[in-house]
>>> print(open('my_file-v9.txt').read())   # compact mmCIF, C-alpha atoms
# COMPACT_ATOMS: atom_id res chain seq x y z
CA MET A 230 -115.71 -180.49 32.82
CA GLU A 231 -117.85 -183.59 32.52
CA VAL A 232 -114.82 -185.65 31.56
CA ILE A 233 -112.96 -184.59 34.70
CA GLN A 234 -115.99 -185.43 36.79
CA GLU A 235 -116.28 -188.91 35.29
CA LEU A 236 -112.58 -189.54 35.62
CA THR A 237 -112.47 -188.55 39.31
CA SER A 238 -115.50 -190.68 40.06
CA THR A 239 -113.93 -193.65 38.29
CA LEU A 240 -110.70 -193.08 40.19
CA PHE A 241 -112.60 -193.12 43.49
CA ILE A 242 -114.43 -196.27 42.50
CA ILE A 243 -111.20 -198.01 41.48
CA PHE A 244 -109.51 -197.12 44.77
CA GLY A 245 -112.57 -198.39 46.62
CA VAL A 246 -112.42 -201.65 44.72
CA ILE A 247 -108.74 -202.00 45.60
CA PHE A 248 -109.62 -201.61 49.27
CA MET A 249 -112.40 -204.18 48.94
CA MET A 250 -109.89 -206.54 47.35
CA ILE A 251 -107.52 -206.06 50.29
CA ALA A 252 -110.39 -206.83 52.66
CA ALA A 253 -111.35 -209.97 50.76
CA LEU A 254 -107.76 -211.19 50.59
CA GLY A 255 -107.47 -210.45 54.30
CA ILE A 256 -110.51 -212.48 55.23
CA LEU A 257 -109.25 -215.35 53.11
CA ARG A 258 -105.60 -215.44 54.16
CA LEU A 259 -105.10 -213.95 57.65
CA PRO A 260 -104.37 -216.40 60.46
CA ASP A 261 -107.03 -215.95 63.14
CA PHE A 262 -110.52 -214.63 63.61
CA TYR A 263 -109.61 -211.37 65.38
CA ILE A 264 -107.07 -210.32 62.74
CA ARG A 265 -109.47 -211.17 59.90
CA MET A 266 -112.10 -209.10 61.67
CA SER A 267 -109.85 -206.06 61.84
CA ALA A 268 -109.05 -206.45 58.13
CA ILE A 269 -112.66 -206.41 57.01
CA THR A 270 -113.90 -203.66 59.31
CA LYS A 271 -111.24 -201.17 58.26
CA ALA A 272 -110.62 -202.01 54.62
CA GLY A 273 -114.24 -202.96 53.92
CA THR A 274 -115.66 -199.72 55.32
CA MET A 275 -113.05 -197.68 53.45
CA GLY A 276 -113.84 -199.53 50.22
CA VAL A 277 -117.59 -199.03 50.38
CA GLY A 278 -117.10 -195.42 51.43
CA LEU A 279 -114.84 -194.62 48.48
CA ILE A 280 -117.08 -196.37 45.97
CA VAL A 281 -120.20 -194.56 47.17
CA VAL A 282 -118.40 -191.21 47.19
CA GLY A 283 -117.29 -191.91 43.62
CA ILE A 284 -120.89 -192.52 42.62
CA ALA A 285 -122.00 -189.29 44.29
CA ILE A 286 -119.38 -187.45 42.23
CA TYR A 287 -120.53 -189.20 39.05
CA PHE A 288 -124.20 -188.24 39.35
CA ASN A 289 -123.47 -184.86 40.99
CA THR A 290 -127.01 -184.12 42.18
CA LEU A 291 -128.18 -183.18 45.66
CA LEU A 292 -130.44 -186.21 46.06
CA ILE A 293 -127.78 -188.75 45.13
CA SER A 294 -125.21 -186.97 47.30
CA ALA A 295 -127.63 -187.17 50.23
CA LYS A 296 -128.16 -190.88 49.64
CA ALA A 297 -124.41 -191.43 49.40
CA PHE A 298 -123.93 -189.48 52.62
CA VAL A 299 -126.53 -191.67 54.35
CA ILE A 300 -124.82 -194.87 53.20
CA VAL A 301 -121.32 -193.71 54.16
CA SER A 302 -122.28 -192.32 57.55
CA PHE A 303 -124.28 -195.42 58.33
CA MET A 304 -121.36 -197.67 57.45
CA LEU A 305 -119.01 -195.55 59.56
CA LEU A 306 -121.41 -195.70 62.51
CA THR A 307 -122.32 -199.36 62.42
CA ALA A 308 -119.19 -201.17 61.25
CA PRO A 309 -117.12 -200.51 64.42
CA VAL A 310 -120.08 -201.27 66.69
CA ALA A 311 -120.85 -204.55 64.98
CA ALA A 312 -117.18 -205.54 64.89
CA HIS A 313 -116.77 -204.76 68.57
CA ILE A 314 -119.82 -206.75 69.60
CA ILE A 315 -118.97 -209.77 67.46
CA ALA A 316 -115.36 -209.76 68.66
CA ARG A 317 -116.52 -209.60 72.27
CA ALA A 318 -118.95 -212.45 71.76
CA ALA A 319 -116.21 -214.47 70.05
CA TYR A 320 -113.76 -213.81 72.88
CA ARG A 321 -116.35 -214.91 75.40
CA GLN A 322 -117.01 -218.02 73.39
CA GLY A 323 -113.29 -218.77 73.59
CA ILE A 324 -112.34 -218.54 69.91
CA PRO A 325 -108.57 -219.15 70.03
CA PHE A 326 -105.85 -216.65 69.16
CA TRP A 327 -103.29 -217.61 66.56
CA GLY A 328 -100.63 -218.18 69.21
CA LYS A 329 -98.09 -215.47 68.41
CA ASN A 330 -99.69 -212.63 70.32
CA LEU A 331 -98.15 -211.77 73.65
CA ILE A 332 -100.85 -210.05 75.68
CA ASP A 333 -104.16 -211.51 76.83
CA GLU A 334 -104.77 -209.69 80.10
CA LEU A 335 -108.34 -210.80 80.68
CA GLY A 336 -107.38 -214.39 79.88
CA ASP A 337 -104.58 -214.20 82.45
CA ILE A 338 -106.95 -212.87 85.10
CA VAL A 339 -109.51 -215.58 84.38
CA LYS A 340 -106.80 -218.23 84.53
CA LYS A 341 -105.64 -216.91 87.89
CA LYS A 342 -109.19 -217.07 89.19
CA ASP A 343 -109.58 -220.66 87.97
CA ASP A 344 -106.34 -221.58 89.73
CA CYS A 345 -107.65 -220.03 92.94
CA GLU A 346 -110.85 -222.03 92.65
CA LYS A 347 -108.79 -225.19 92.30
CA VAL A 348 -106.84 -224.27 95.44
CA ILE A 349 -110.11 -223.81 97.33
CA SER A 350 -111.45 -227.16 96.21
CA LYS A 351 -108.26 -228.75 97.58
CA ASP A 352 -107.98 -226.65 100.74
CA PRO A 353 -111.39 -225.26 101.75
CA GLN A 354 -109.88 -223.02 104.44
CA SER A 355 -107.62 -221.06 102.06
CA LEU A 356 -108.02 -217.34 102.77
CA ARG A 357 -105.57 -216.06 100.18
CA ALA A 358 -107.29 -217.76 97.25
CA ARG A 359 -110.65 -216.41 98.42
CA ILE A 360 -109.25 -212.87 98.61
CA GLU A 361 -107.95 -213.23 95.03
CA ILE A 362 -111.42 -214.30 93.88
CA LEU A 363 -112.94 -211.37 95.74
CA ASP A 364 -110.52 -209.08 93.89
CA TYR A 365 -111.58 -210.65 90.59
CA HIS A 366 -115.28 -210.12 91.23
CA THR A 367 -114.93 -206.55 92.47
CA THR A 368 -112.48 -205.17 89.91
CA LEU A 369 -113.93 -206.59 86.68
CA PRO A 370 -117.03 -205.00 85.16
CA PRO A 371 -120.13 -207.23 85.10
CA ILE A 372 -119.93 -207.88 81.37
CA LEU A 373 -116.55 -209.59 81.83
CA GLY A 374 -117.66 -211.78 84.71
CA GLY A 375 -117.36 -209.54 87.75
CA SER A 376 -120.29 -209.68 90.13
CA ILE A 377 -120.84 -207.85 93.40
CA ARG A 378 -123.32 -210.51 94.52
CA LYS A 379 -120.73 -213.26 94.15
CA ALA A 380 -118.14 -211.05 95.85
CA ILE A 381 -120.43 -210.63 98.86
CA LYS A 382 -120.90 -214.39 98.98
CA VAL A 383 -117.13 -214.92 98.98
CA ALA A 384 -116.76 -212.27 101.69
CA GLY A 385 -119.29 -214.21 103.77
CA GLU A 386 -117.19 -217.35 103.36
CA ILE A 387 -114.09 -215.47 104.45
CA LYS A 388 -115.94 -214.14 107.47
CA SER A 389 -116.91 -217.65 108.54
CA ILE A 390 -113.19 -218.57 108.54
CA ASP A 391 -111.73 -215.40 110.05
CA THR A 392 -114.07 -212.70 111.39
CA ALA A 393 -111.75 -209.70 111.15
CA GLU A 394 -110.55 -210.64 107.66
CA GLY A 395 -114.18 -211.10 106.69
CA HIS A 396 -115.07 -207.58 107.79
CA ARG A 397 -112.13 -206.32 105.75
CA ALA A 398 -113.40 -208.28 102.75
CA TYR A 399 -116.87 -206.76 103.14
CA ALA A 400 -115.27 -203.32 103.40
CA LEU A 401 -113.39 -203.93 100.17
CA VAL A 402 -116.59 -205.00 98.40
CA TYR A 403 -118.51 -201.94 99.62
CA PHE A 404 -115.56 -199.68 98.76
CA ARG A 405 -115.41 -200.94 95.18
CA SER A 406 -119.18 -200.75 94.77
CA ASN A 407 -119.16 -197.13 96.01
CA GLN A 408 -120.99 -197.68 99.31
CA TYR A 409 -118.54 -195.66 101.35
CA LYS A 410 -120.51 -195.39 104.62
CA LEU A 411 -120.87 -199.17 104.86
CA ALA A 412 -117.22 -199.65 103.91
CA GLU A 413 -116.08 -197.32 106.68
CA SER A 414 -118.08 -199.13 109.35
CA GLU A 415 -116.80 -202.50 108.11
CA TYR A 416 -113.21 -201.25 108.31
CA ASP A 417 -113.89 -200.11 111.88
CA LEU A 418 -115.25 -203.56 112.75
CA ALA A 419 -112.23 -205.25 111.16
CA ILE A 420 -109.79 -203.08 113.12
CA LYS A 421 -111.71 -203.62 116.35
CA GLY A 422 -111.98 -207.37 115.77
CA SER A 423 -108.28 -207.80 115.10
CA GLY A 424 -107.24 -205.59 118.02
CA GLY A 425 -105.95 -202.73 115.90
CA LYS A 426 -104.00 -204.60 113.25
CA LEU A 427 -101.75 -202.12 111.45
CA SER A 428 -102.27 -203.26 107.87
CA TYR A 429 -106.04 -202.82 108.25
CA ARG A 430 -105.57 -199.31 109.56
CA PHE A 431 -103.33 -198.41 106.64
CA GLU A 432 -105.90 -199.83 104.28
CA LYS A 433 -108.55 -197.70 105.92
CA GLY A 434 -106.32 -194.64 105.47
CA VAL A 435 -105.85 -195.42 101.80
CA PHE A 436 -109.63 -195.87 101.54
CA TYR A 437 -110.11 -192.38 103.03
CA ARG A 438 -107.62 -190.94 100.57
CA GLU A 439 -109.27 -192.56 97.54
CA THR A 440 -112.74 -191.40 98.60
CA GLU A 441 -111.61 -187.79 99.13
CA GLN A 442 -111.95 -187.82 102.91
CA VAL A 443 -108.44 -186.44 103.14
CA GLU A 444 -108.78 -184.93 106.63
CA LYS A 445 -109.67 -188.31 108.09
CA ALA A 446 -106.79 -189.95 106.26
CA PHE A 447 -104.27 -187.48 107.72
CA GLN A 448 -105.80 -187.91 111.17
CA LEU A 449 -105.52 -191.69 110.97
CA PHE A 450 -101.88 -191.68 109.85
CA GLU A 451 -100.93 -189.15 112.54
CA GLU A 452 -102.62 -191.35 115.10
CA ILE A 453 -100.52 -194.31 113.97
CA ILE A 454 -97.35 -192.22 114.32
CA SER A 455 -98.33 -191.02 117.78
CA GLU A 456 -98.71 -194.63 118.89
CA ASN A 457 -95.08 -195.24 117.92
CA THR A 458 -95.83 -198.17 115.58
CA GLY A 459 -95.27 -198.31 111.84
CA ILE A 460 -93.85 -194.78 111.78
CA LYS A 461 -92.00 -195.29 108.53
CA GLU A 462 -95.03 -196.41 106.51
CA ALA A 463 -97.24 -193.77 108.07
CA LEU A 464 -94.78 -191.01 107.15
CA PHE A 465 -94.70 -192.28 103.60
CA GLU A 466 -98.50 -192.40 103.39
CA ILE A 467 -98.80 -188.85 104.76
CA GLY A 468 -96.40 -187.62 102.10
CA LYS A 469 -98.20 -189.53 99.36
CA THR A 470 -101.62 -188.26 100.45
CA SER A 471 -100.35 -184.70 100.52
CA ALA A 472 -98.69 -185.05 97.10
CA LEU A 473 -101.77 -186.57 95.45
CA THR A 474 -104.34 -184.19 96.93
CA GLY A 475 -102.22 -181.04 97.20
CA LEU A 476 -103.42 -180.43 100.76
CA ASN A 477 -101.38 -179.97 103.92
CA SER A 478 -98.22 -179.65 101.90
CA LYS A 479 -96.04 -178.45 104.78
CA ARG A 480 -96.71 -181.55 106.83
CA GLY A 481 -96.27 -183.70 103.72
CA GLU A 482 -92.87 -182.22 103.00
CA GLU A 483 -91.80 -182.68 106.60
CA ALA A 484 -92.99 -186.29 106.63
CA LEU A 485 -91.21 -187.14 103.39
CA THR A 486 -87.95 -185.57 104.59
CA LEU A 487 -88.20 -187.59 107.78
CA PHE A 488 -88.95 -190.71 105.72
CA MET A 489 -85.95 -190.23 103.46
CA ASN A 490 -83.62 -189.83 106.43
CA PHE A 491 -85.21 -192.66 108.36
CA HIS A 492 -83.05 -195.16 110.18
CA PRO A 493 -82.77 -197.93 108.97
CA LEU A 494 -82.88 -196.55 105.42
CA PRO A 495 -85.98 -197.58 103.38
CA GLU A 496 -85.63 -199.62 100.23
CA LYS A 497 -84.54 -197.98 96.98
CA SER A 498 -87.92 -198.29 95.28
CA GLU A 499 -89.61 -196.67 98.29
CA LEU A 500 -87.05 -193.88 98.29
CA ALA A 501 -87.64 -193.31 94.57
CA ALA A 502 -91.40 -193.04 95.11
CA ALA A 503 -90.90 -190.73 98.11
CA SER A 504 -88.67 -188.32 96.21
CA CYS A 505 -91.10 -188.35 93.30
CA PHE A 506 -93.94 -187.34 95.67
CA MET A 507 -91.70 -184.70 97.20
CA GLY A 508 -91.08 -183.33 93.73
CA GLN A 509 -94.83 -183.22 93.09
CA ILE A 510 -95.43 -181.22 96.28
CA LEU A 511 -92.71 -178.75 95.33
CA LEU A 512 -94.04 -178.57 91.79
CA LYS A 513 -97.45 -177.54 93.11
CA ARG A 514 -95.73 -174.77 95.05
CA ARG A 515 -93.95 -173.72 91.80
CA ASP A 516 -90.53 -174.31 93.36
CA LEU A 517 -89.32 -175.64 90.03
CA SER A 518 -85.58 -176.00 90.56
CA SER A 519 -85.80 -178.07 93.75
CA ALA A 520 -88.69 -180.10 92.32
CA ARG A 521 -86.44 -180.98 89.40
CA GLU A 522 -83.69 -182.00 91.81
CA PHE A 523 -86.02 -184.43 93.55
CA PHE A 524 -87.28 -185.95 90.31
CA GLU A 525 -83.68 -186.50 89.20
CA LYS A 526 -82.89 -188.04 92.56
CA SER A 527 -85.87 -190.34 92.18
CA LEU A 528 -84.63 -191.48 88.78
CA GLU A 529 -81.21 -192.08 90.33
CA TYR A 530 -82.71 -194.38 92.94
CA LEU A 531 -84.74 -196.30 90.38
CA PRO A 532 -83.71 -195.77 86.76
CA GLY A 533 -86.70 -195.89 84.45
CA TYR A 534 -89.27 -194.91 87.10
CA SER A 535 -92.06 -193.76 84.80
CA ASP A 536 -93.80 -191.21 87.08
CA ALA A 537 -90.61 -189.28 87.78
CA ALA A 538 -89.61 -189.39 84.12
CA TYR A 539 -93.04 -188.03 83.14
CA TYR A 540 -92.85 -185.08 85.54
CA LEU A 541 -89.27 -184.36 84.52
CA SER A 542 -90.21 -184.21 80.85
CA ARG A 543 -93.10 -181.90 81.73
CA LEU A 544 -90.72 -179.63 83.64
CA ARG A 545 -88.35 -179.52 80.68
CA LYS A 546 -91.19 -178.36 78.43
CA GLU A 547 -91.92 -175.46 80.77
CA MET B 181 -134.68 -189.71 34.25
CA ASP B 182 -132.15 -187.80 32.24
CA LEU B 183 -131.25 -190.29 29.57
CA LYS B 184 -128.19 -188.39 28.39
CA ARG B 185 -126.53 -189.15 31.68
CA SER B 186 -127.36 -192.82 31.38
CA TYR B 187 -124.21 -194.66 30.61
CA TRP B 188 -125.42 -196.75 27.70
CA LYS B 189 -126.44 -193.68 25.75
CA SER B 190 -123.04 -191.99 25.68
CA GLN B 191 -120.56 -193.36 23.22
CA GLU B 192 -117.36 -191.54 24.00
CA ASN B 193 -116.14 -192.88 27.36
CA ILE B 194 -115.32 -196.47 26.66
CA MET B 195 -112.52 -196.16 29.20
CA VAL B 196 -114.86 -195.40 32.09
CA GLU B 197 -117.19 -198.16 30.97
CA THR B 198 -114.45 -200.79 30.96
CA ALA B 199 -113.14 -199.54 34.30
CA LEU B 200 -116.54 -200.01 35.89
CA PHE B 201 -116.92 -203.46 34.37
CA ILE B 202 -113.50 -204.49 35.64
CA ALA B 203 -114.48 -203.14 39.06
CA ILE B 204 -117.58 -205.35 39.10
CA VAL B 205 -115.56 -208.37 38.00
CA ILE B 206 -113.00 -207.81 40.78
CA LEU B 207 -115.78 -207.34 43.34
CA SER B 208 -117.33 -210.63 42.20
CA ILE B 209 -114.00 -212.37 42.78
CA CYS B 210 -113.89 -210.73 46.23
CA SER B 211 -117.35 -212.07 47.01
CA VAL B 212 -116.11 -215.55 46.04
CA PHE B 213 -113.27 -215.11 48.57
CA ALA B 214 -115.76 -214.09 51.25
CA MET B 215 -117.92 -217.11 50.41
CA VAL B 216 -114.88 -219.40 50.72
CA ARG B 217 -114.33 -218.07 54.23
CA PHE B 218 -118.06 -218.46 54.89
CA ILE B 219 -117.90 -222.15 53.95
CA LYS B 220 -114.56 -222.85 55.64
CA GLY B 221 -115.52 -221.24 58.93
CA PRO B 222 -114.18 -222.61 61.24
CA SER B 223 -116.36 -220.85 63.80
CA LEU B 224 -119.68 -219.02 63.79
CA PRO B 225 -118.16 -215.53 64.33
CA ASP B 226 -115.97 -216.17 61.28
CA ARG B 227 -119.07 -216.83 59.22
CA VAL B 228 -120.80 -213.74 60.57
CA THR B 229 -117.89 -211.49 59.59
CA ALA B 230 -117.57 -213.20 56.20
CA PHE B 231 -121.24 -212.50 55.64
CA ASP B 232 -120.68 -208.89 56.70
CA LEU B 233 -117.99 -208.49 54.06
CA PHE B 234 -120.18 -210.24 51.50
CA ALA B 235 -122.95 -207.75 52.17
CA ALA B 236 -120.51 -204.84 51.86
CA ILE B 237 -119.37 -206.19 48.49
CA VAL B 238 -122.96 -206.54 47.34
CA ILE B 239 -123.64 -202.94 48.39
CA SER B 240 -120.65 -201.82 46.31
CA ILE B 241 -121.78 -203.85 43.30
CA ILE B 242 -125.26 -202.37 43.52
CA ALA B 243 -123.83 -198.88 43.76
CA ILE B 244 -121.62 -199.39 40.70
CA TYR B 245 -124.49 -201.00 38.82
CA SER B 246 -126.57 -197.90 39.47
CA VAL B 247 -123.94 -195.95 37.51
CA ILE B 248 -123.87 -198.43 34.64
CA SER B 249 -127.62 -198.64 34.30
CA GLY B 250 -128.16 -194.97 35.05
CA ASN B 251 -130.94 -195.88 37.45
CA THR B 252 -130.37 -194.14 40.77
CA ALA B 253 -133.16 -196.03 42.52
CA PHE B 254 -130.70 -198.84 43.12
CA LEU B 255 -128.96 -196.65 45.71
CA ASP B 256 -132.02 -197.01 47.95
CA VAL B 257 -131.49 -200.74 47.84
CA ALA B 258 -127.90 -200.18 48.98
CA ILE B 259 -129.07 -198.08 51.94
CA LEU B 260 -131.56 -200.74 52.99
CA LEU B 261 -129.01 -203.49 52.61
CA SER B 262 -126.47 -201.71 54.83
CA LEU B 263 -129.20 -201.30 57.48
CA ILE B 264 -130.22 -204.93 57.35
CA THR B 265 -126.62 -206.18 57.50
CA PHE B 266 -126.01 -204.24 60.68
CA LEU B 267 -129.14 -205.66 62.28
CA GLY B 268 -128.16 -209.14 61.15
CA SER B 269 -124.68 -209.05 62.62
CA MET B 270 -126.02 -207.51 65.85
CA SER B 271 -128.57 -210.26 66.28
CA PHE B 272 -125.94 -212.91 65.56
CA ALA B 273 -123.72 -211.36 68.23
CA TYR B 274 -126.54 -211.53 70.78
CA PHE B 275 -127.26 -215.08 69.72
CA LEU B 276 -123.61 -215.90 70.47
CA PHE B 277 -123.83 -214.11 73.81
CA ARG B 278 -126.84 -216.11 74.91
CA ASN B 279 -125.36 -219.37 73.73
CA THR B 280 -122.19 -219.11 75.81
CA LYS B 281 -121.79 -219.59 79.52
CA ASN B 282 -121.10 -216.51 81.56
CA ASP B 283 -117.63 -217.53 82.68
CA ARG B 284 -115.36 -215.49 80.56
>>> encode(input="my_file-v9.txt", output="structure tokens")
Amino acid sequence: MEVIQELTSTLFIIFGVIFMMIAALGILRLPDFYIRMSAITKAGTMGVGLIVVGIAIYFNTLLISAKAFVIVSFMLLTAPVAAHIIARAAYRQGIPFWGKNLIDELGDIVKKKDDCEKVISKDPQSLRARIEILDYHTTLPPILGGSIRKAIKVAGEIKSIDTAEGHRAYALVYFRSNQYKLAESEYDLAIKGSGGKLSYRFEKGVFYRETEQVEKAFQLFEEIISENTGIKEALFEIGKTSALTGLNSKRGEEALTLFMNFHPLPEKSELAAASCFMGQILLKRRDLSSAREFFEKSLEYLPGYSDAAYYLSRLRKE
Amino acid sequence: MDLKRSYWKSQENIMVETALFIAIVILSICSVFAMVRFIKGPSLPDRVTAFDLFAAIVISIIAIYSVISGNTAFLDVAILLSLITFLGSMSFAYFLFRNTKNDR
């Protein structure tokens, strides 16, 4: 019995040592900081864990087992946290990648923002660059460089160039920082200031949809239709709102049918999205066969459209 | 302390004894690797992670040594060391945070 116990413990220890060796080789040979870091956090933690478990087996008493448990659980808790924090600090410091990785999304966003700042320094009246910067500050969390205060400052600059656009910018900032009442009034001001510009009204409708004021969204889109402008887009938005929220599905279906038979015919990507939303409405009503038809139609319009493919695969499972 | 369980007292398992010694030797080589990375750098985060690994290796060596010597009190040292390493790497991370501009 004792022999088996000692042998298992030695086996554990040897496996742990092998993992430690992998970690050490990794930190010596791997090409850049982030890859080395992943090597030591995974292999290192595994190695220490196995070794300590082996020792707990060797001594086989409650006290030692408790101590081993403390060590292992502490390693498992702290190693990922420490690795995450150090990697984040390193990324912020700008430690370079090794050059063969393909995706650096945050880096791309930051680069885009820097480009926009260059454009502004050349052309101080540029609205588009300012809107991009506003987007940057409102969508990124504060730890990555987003800042509502800076966004409000940029919105002020936009307002001094173009009043209506400025109100829209303020609305966007308030929307993204969850101050919906203020956002609504700013949207109203923007629409009033621009004399009822359509794109602002659509944006306001989308804002209503995202903040679960669905009734108001429907009302706004219907209003746009009744004024005989932008009927096509409004029909599409009604259908989308109905599909996403599951409310008012009759009107949504009607609107999407009208949209799909609209003259002149909408673009293929729009048609694909519309039939996908139609399918979602029908799916909620449990009209499975026609829902499937619409999803297939959507894939026909735009092969590889991920939403439609997802719903279709879900239908097949049922 | 139960001296029969102490490793030096038992004569029969030379195999286990050699295995543990080889384990310590390999871990020492690993710690040399970590130290090479610590000296080479090239950046501060590299050194912090190398030190992390070094501490993990030292914890393992202490744990194995507690088997060889039969003295379980060494495990307490391992617990403390794992605590202190975590605090050390955390504080280094915050040091890095404060030393960089908030532009990225």
>>> atom_distance(input="my_file-v9.txt", atom1="CA of His313 in chain A", atom2="CA of Asp344 in chain A")
29.0 Å
>>> closest_atom_pairs(input="my_file-v9.txt", of="chain A", to="chain B", cutoff="6 Å", atoms="only C-alpha atoms", output="JSON lines")
{"residue": "A:Met250", "atom": "CA", "partner": "B:Cys210", "partner_atom": "CA", "distance": 5.9}
{"residue": "A:Ala253", "atom": "CA", "partner": "B:Cys210", "partner_atom": "CA", "distance": 5.2}
{"residue": "A:Leu257", "atom": "CA", "partner": "B:Arg217", "partner_atom": "CA", "distance": 5.9}
{"residue": "A:Val277", "atom": "CA", "partner": "B:Ser240", "partner_atom": "CA", "distance": 5.8}
{"residue": "A:Ile300", "atom": "CA", "partner": "B:Ile259", "partner_atom": "CA", "distance": 5.5}
{"residue": "A:Ile315", "atom": "CA", "partner": "B:Ala273", "partner_atom": "CA", "distance": 5.1}
{"residue": "A:Ala318", "atom": "CA", "partner": "B:Phe277", "partner_atom": "CA", "distance": 5.5}
{"residue": "A:Arg321", "atom": "CA", "partner": "B:Arg284", "partner_atom": "CA", "distance": 5.3}
{"residue": "A:Gln322", "atom": "CA", "partner": "B:Thr280", "partner_atom": "CA", "distance": 5.8}
>>> write_last_selection(input="my_file-v9.txt", atoms="C-alpha atoms", output="PDB file, in the frame of the given file")
ATOM      1  CA  MET A 250    -109.890-206.540  47.350  1.00  0.00           C
ATOM      2  CA  ALA A 253    -111.350-209.970  50.760  1.00  0.00           C
ATOM      3  CA  LEU A 257    -109.250-215.350  53.110  1.00  0.00           C
ATOM      4  CA  VAL A 277    -117.590-199.030  50.380  1.00  0.00           C
ATOM      5  CA  ILE A 300    -124.820-194.870  53.200  1.00  0.00           C
ATOM      6  CA  ILE A 315    -118.970-209.770  67.460  1.00  0.00           C
ATOM      7  CA  ALA A 318    -118.950-212.450  71.760  1.00  0.00           C
ATOM      8  CA  ARG A 321    -116.350-214.910  75.400  1.00  0.00           C
ATOM      9  CA  GLN A 322    -117.010-218.020  73.390  1.00  0.00           C
TER      10      GLN A 322
END
>>> atom_distance(input="my_file-v9.txt", atom1="CA of Val282 in chain A", atom2="CA of Val232 in chain A")
17.0 Å
>>> closest_residue(input="my_file-v9.txt", among="A:Lys513, A:Lys271, A:Lys410, A:Arg378", to="Ala308 in chain A", atoms="all atoms listed in the file")
A:Lys271
>>> residues_around(input="my_file-v9.txt", residues="Ala446 in chain A", least_positions_apart="6", cutoff="9 Å", atoms="all atoms listed in the file", output="PyMOL selection string")
chain A and resi 433-438+467+470
>>> atom_distance(input="my_file-v9.txt", atom1="CA of Ser423 in chain A", atom2="CA of Lys388 in chain A")
12.5 Å
>>> closest_residue(input="my_file-v9.txt", among="A:Ile377, A:Ala297, A:Tyr287, A:Val246", to="Gln408 in chain A", atoms="all atoms listed in the file")
A:Ile377
>>> axis_aligned_box(input="my_file-v9.txt", around="range 219-233 of chain B", padding_each_side="6 Å", output="AutoDock Vina command-line options")
--center_x -117.7 --center_y -215.7 --center_z 59.1 --size_x 19.1 --size_y 26.4 --size_z 22.4
>>> residues_around(input="my_file-v9.txt", residues="Leu473 in chain A", least_positions_apart="4", cutoff="12 Å", atoms="all atoms listed in the file", output="ChimeraX atom specification")
/A:435,438-439,441,443,466-469,477-478,481,503,505-513
>>> residues_around(input="my_file-v9.txt", residues="Leu335 in chain A", least_positions_apart="2", cutoff="12 Å", atoms="only C-alpha atoms", output="PyMOL selection string")
(chain A and resi 317+320-321+323+332-333+337-342+365+368-370+372-375) or (chain B and resi 283-284)
>>> closest_residue(input="my_file-v9.txt", among="A:Met266, A:Ile314, A:Ala520, A:Leu279", to="Val301 in chain A", atoms="all atoms listed in the file")
A:Leu279
>>> closest_residue(input="my_file-v9.txt", among="A:Leu356, A:Met489, A:Leu363, A:Ile264", to="Ala316 in chain A", atoms="all atoms listed in the file")
A:Ile264
>>> residues_around(input="my_file-v9.txt", residues="Ser504 in chain A", least_positions_apart="2", cutoff="7 Å", atoms="only C-alpha atoms", output="MDAnalysis selection string")
chainID A and resid 500:502 506:508 523:524 526:527
>>> residues_around(input="my_file-v9.txt", residues="Leu401 in chain A", least_positions_apart="4", cutoff="8 Å", atoms="only C-alpha atoms", output="mmCIF file with C-alpha atoms, keeping the file's coordinate frame")
data_model
loop_
_atom_site.group_PDB
_atom_site.id
_atom_site.type_symbol
_atom_site.label_atom_id
_atom_site.label_comp_id
_atom_site.auth_asym_id
_atom_site.auth_seq_id
_atom_site.Cartn_x
_atom_site.Cartn_y
_atom_site.Cartn_z
ATOM 1 C CA ARG A 397 -112.130 -206.320 105.750
ATOM 2 C CA ARG A 405 -115.410 -200.940 95.180
ATOM 3 C CA ALA A 412 -117.220 -199.650 103.910
#
